[in-house]
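S.K.: For reference, the structure I am asking about is given below.
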Amino acid sequence: MRKKKPAHLLTDVELEFMTELWVLGEGGVRDVLDRLPPERNLAYTSGATILRILDDKGFVSSRKEGKTLIYTPVLEKDAYQTRSLQNLSRTLFDDTPASLVARLVDDAGLSASDLEDIRALVERRLQDDGDDPRD
Amino acid sequence: MTPAIDLFIDANILLLLAFCLWRVAQFFLQRTALRHDHGFQAGLLKTVLLITLLSPILGLGFTSLGNYLVPDTPTTLSDIAVAAYLGGSIAMPAVDFEALLNTRRTFVETFSAGKVSWAAPLLAGFAVVSVALTLRLLRSALCVRRTLADSYLWRRTGRVDIRLSDRITVPFAARGLRRRHVVLPTCLLTRPRDLRVVLAHEFQHLRAGDVEWELALEALRPLVFWNPAFILWKRAFEKLRELSCDQRVLASRCITPHEYAACLLTFCARRRTGPALARVAFVSVAPNTPKRVLEHRILSLYRLPSFRHTRPMLAALALVLALGIGSIAATVRAPGDWSQDRLMLSTIVNLERLDAITRQQGRATPASGLLGVAPMSR
């Protein structure tokens, strides 16, 4: 049996495969490859290797259906987004999420509507925290 | 300690002189049709390095052969000089000549006895640098081992494992005790054209034994780091290794020079931004001197050698260099026991000294009359 090597983050190509699997829910190598843009021109063996690595890293689980391996995401997209942002905040913004948001608000060319949405999100979060019975 | 210092000095002199011999051979090669055949030049360099490593045995062989063919003929440089002096070819006072001959022995004895104030700091400095280089080598080995452990096995062909790693940006070849490995960045799977070039390149490195050579040279570094010949030789080896590998891959005609150059440029750019990990990397040039070397590599891709039957030429040249290095190894050795010529020189030295003493004391006694009682100076 292969030894699992758990990993924290996905590489670019792994993220590309995981994104397709999140949309599919589950699928085999051919299913994922069919969803990639035609110009990617990836060999079947390369796709199979990438999914096997994802399995080794614990991002997907696999089961055999006939002669085909079917892969299912173990980690939800939201959970990975949170993990990825936490990593970004820790490595690039000295573990201060406020700096990350400040940079986003300053440089991302956000529209007034985007800013309004962000304000609503923050206010809702503050409201929730205020109502938290543990406080 | 003295024999160890003697051996160390011999090895370093030999390294320096062998390098000079190789440079002379290179100078003449550059004026022949073989100047673009980097495979030939890399082969010659490896042969000369191997001969240099085996030179103590070669030197012994030369001395034994010399003694067998022409007995009582001096073989070491020191003995040849003594014979020349006694033959009247060198005109200088015997005392000065003997002091000159004994320079190395005097230095080694003074140094090993700690009679000079700078001996201990020099030895300590050498030991510190040597230990630091050994630790750096171990750290490198551990780093490669960790990368191999964290990588994913992709294919296995014979004794070679092809592995994929997220931790590297530049592919490299390495080896363990039993298996050899080609480690590729995972992202290479999505670029089939580059993947083909990289695999051909790394397999060529394994076929040429470059990983083993690299390991051997790096293992030698802590001992000979201060010798400029080693540094220059290592640099020449790295350059020729890559140029030769490029030419051998292109010689198969499965990859065009244009594809190869594009792949090379991609990985040069990655090497500048990625972690410097590999001991034998796809692009082995030092990060601060890539431009000139890279230009040379790319130009040489379009200048494949036309001279094909080079093995007899390589064997002939290697034989000539082996003769040269072997005779150097035999001549630079410290002289053995007292020979007739050295006893004669010592006698002349003692006579000169006694003559000087008697002159000082104002007694003009002929020095030759004291021959029987004069103590021999060593």
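Residues are named by chain letter and number: chains run A, B, ... in the order of the structure tokens, numbers start at 1 in each chain, and ligands are numbered from 1 in the order shown.
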Write out as JSON, numbers by chain the set of residues from stretch 94-212 of chain B that DSSP, computed on the backbone, places in strand (DSSP E).
M.R.: {"B": [152, 153, 154, 155, 156, 157, 160, 161, 162, 163, 164, 165, 172, 173, 174, 175, 180, 181, 182, 183, 184, 185]}
S.K.: Hey, list the chain A side of the contact with chain B: 12 Å cut-off, only C-alpha atoms, answer as a PyMOL selection string.
M.R.: chain A and resi 2-17+33+36+39-57
S.K.: Any idea what's packed within 8 Å of stretch 204-217 of chain B, counting only C-alpha atoms, ignoring anything in its chain fewer than 2 positions away? Could you give it as a ChimeraX atom specification?
M.R.: /B:173-175,180,200-202,219-221,234,241,245,248-249,279-280
S.K.: What is the distance between atom CA of B:Arg146 and atom CA of B:Val131, in Å to one decimal?
M.R.: 22.2 Å
S.K.: Can you measure atom CA of A:Pro73 to atom CA of A:Leu88 for me? One decimal in Å is fine.
M.R.: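 Interatomic distance here is 22.4 Å.
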S.K.: Near B:Arg196, counting only C-alpha atoms, which residues have an atom at most 10 Å away, once you skip same-chain residues fewer than 6 positions from it, shown as a PyMOL selection string?
M.R.: chain B and resi 188-189+254-255+259-260+263
S.K.: What is the atom CA of A:Pro37-atom CA of A:Tyr71 distance in Å, reported with one decimal?
M.R.: 20.0 Å
S.K.: Using DSSP assignments from the backbone, pull out every residue in stretch 35-199 of chain B that falls under helix (DSSP H, G or I) and give it to me as number ranges by chain.
M.R.: B: 35-36, 38-53, 55-69, 77-86, 94-101, 103-112, 119-150, 186-190, 192-199
S.K.: Write the residues you've just listed into a file as a compact mmCIF listing (two decimals), in the first residue's frame, and include C-alpha atoms for each of them.
M.R.:
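For reference, result-v9.txt as written:
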# COMPACT_ATOMS: atom_id res chain seq x y z
CA ARG B 35 37.00 22.05 -30.42
CA HIS B 36 33.22 21.76 -30.79
CA HIS B 38 32.28 18.79 -25.88
CA GLY B 39 31.61 15.09 -25.31
CA PHE B 40 35.21 14.35 -26.24
CA GLN B 41 36.51 17.15 -24.02
CA ALA B 42 34.34 16.08 -21.08
CA GLY B 43 35.56 12.50 -21.57
CA LEU B 44 39.16 13.69 -21.59
CA LEU B 45 38.61 15.77 -18.46
CA LYS B 46 37.10 12.81 -16.61
CA THR B 47 39.96 10.57 -17.75
CA VAL B 48 42.57 13.06 -16.56
CA LEU B 49 40.77 13.44 -13.21
CA LEU B 50 40.72 9.67 -12.84
CA ILE B 51 44.41 9.41 -13.74
CA THR B 52 45.19 12.13 -11.18
CA LEU B 53 43.29 10.25 -8.48
CA SER B 55 48.54 8.96 -9.71
CA PRO B 56 50.12 7.72 -6.41
CA ILE B 57 49.88 4.18 -7.80
CA LEU B 58 51.08 5.39 -11.22
CA GLY B 59 54.00 7.19 -9.57
CA LEU B 60 55.06 4.03 -7.74
CA GLY B 61 54.78 2.08 -10.97
CA PHE B 62 56.94 4.61 -12.80
CA THR B 63 59.60 4.54 -10.06
CA SER B 64 59.69 0.72 -10.03
CA LEU B 65 59.81 0.61 -13.83
CA GLY B 66 62.58 3.23 -13.89
CA ASN B 67 64.62 1.31 -11.30
CA TYR B 68 64.14 -1.92 -13.26
CA LEU B 69 64.99 -0.49 -16.69
CA LEU B 77 63.15 15.67 -8.85
CA SER B 78 65.33 16.18 -5.81
CA ASP B 79 67.68 13.30 -6.74
CA ILE B 80 67.86 14.49 -10.36
CA ALA B 81 68.89 17.95 -9.13
CA VAL B 82 71.58 16.45 -6.84
CA ALA B 83 72.97 14.42 -9.74
CA ALA B 84 73.00 17.55 -11.91
CA TYR B 85 74.78 19.49 -9.15
CA LEU B 86 77.44 16.82 -8.73
CA ALA B 94 76.79 23.48 -1.74
CA VAL B 95 75.34 24.85 1.53
CA ASP B 96 72.86 27.04 -0.36
CA PHE B 97 72.00 24.22 -2.76
CA GLU B 98 71.31 21.82 0.10
CA ALA B 99 69.20 24.43 1.89
CA LEU B 100 67.21 24.88 -1.33
CA LEU B 101 66.76 21.11 -1.68
CA THR B 103 63.22 23.70 1.79
CA ARG B 104 60.18 21.41 1.73
CA ARG B 105 61.51 19.07 4.45
CA THR B 106 62.50 22.03 6.64
CA PHE B 107 59.07 23.59 6.14
CA VAL B 108 57.23 20.35 6.96
CA GLU B 109 59.36 19.70 10.06
CA THR B 110 59.04 23.27 11.28
CA PHE B 111 55.32 23.26 10.62
CA SER B 112 54.59 19.88 12.23
CA ALA B 119 51.28 27.14 12.09
CA ALA B 120 48.56 26.60 14.71
CA PRO B 121 46.17 29.36 13.44
CA LEU B 122 46.66 28.16 9.84
CA LEU B 123 45.92 24.57 10.80
CA ALA B 124 42.90 25.67 12.86
CA GLY B 125 41.60 27.81 9.98
CA PHE B 126 42.00 24.91 7.57
CA ALA B 127 40.18 22.57 9.95
CA VAL B 128 37.32 25.05 10.47
CA VAL B 129 36.77 25.58 6.72
CA SER B 130 37.09 21.86 6.06
CA VAL B 131 34.52 21.01 8.74
CA ALA B 132 32.19 23.77 7.48
CA LEU B 133 32.39 22.41 3.92
CA THR B 134 31.77 18.86 5.17
CA LEU B 135 28.71 20.06 7.10
CA ARG B 136 27.47 21.93 4.02
CA LEU B 137 27.86 18.76 1.99
CA LEU B 138 25.91 16.76 4.59
CA ARG B 139 23.18 19.40 4.68
CA SER B 140 22.94 19.26 0.88
CA ALA B 141 22.69 15.48 1.00
CA LEU B 142 19.97 15.68 3.67
CA CYS B 143 18.09 18.27 1.63
CA VAL B 144 18.15 16.04 -1.47
CA ARG B 145 17.14 13.06 0.67
CA ARG B 146 14.20 14.98 2.15
CA THR B 147 13.11 16.08 -1.32
CA LEU B 148 13.28 12.47 -2.51
CA ALA B 149 11.30 11.29 0.51
CA ASP B 150 8.60 13.91 -0.07
CA THR B 186 5.05 18.21 -10.73
CA CYS B 187 4.03 21.11 -12.98
CA LEU B 188 6.19 19.61 -15.75
CA LEU B 189 3.46 16.99 -16.31
CA THR B 190 1.34 19.67 -17.94
CA PRO B 192 4.71 17.41 -22.49
CA ARG B 193 7.24 19.04 -24.82
CA ASP B 194 9.46 20.28 -21.98
CA LEU B 195 8.98 16.98 -20.16
CA ARG B 196 10.46 15.08 -23.12
CA VAL B 197 13.51 17.37 -23.27
CA VAL B 198 14.08 17.29 -19.52
CA LEU B 199 13.82 13.50 -19.30
S.K.: Quick one: of A:Leu24, A:Asn87, A:Val60, A:Leu115, who's nearest to A:Thr72, counting only C-alpha atoms?
M.R.: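 Closest candidate: A:Val60.
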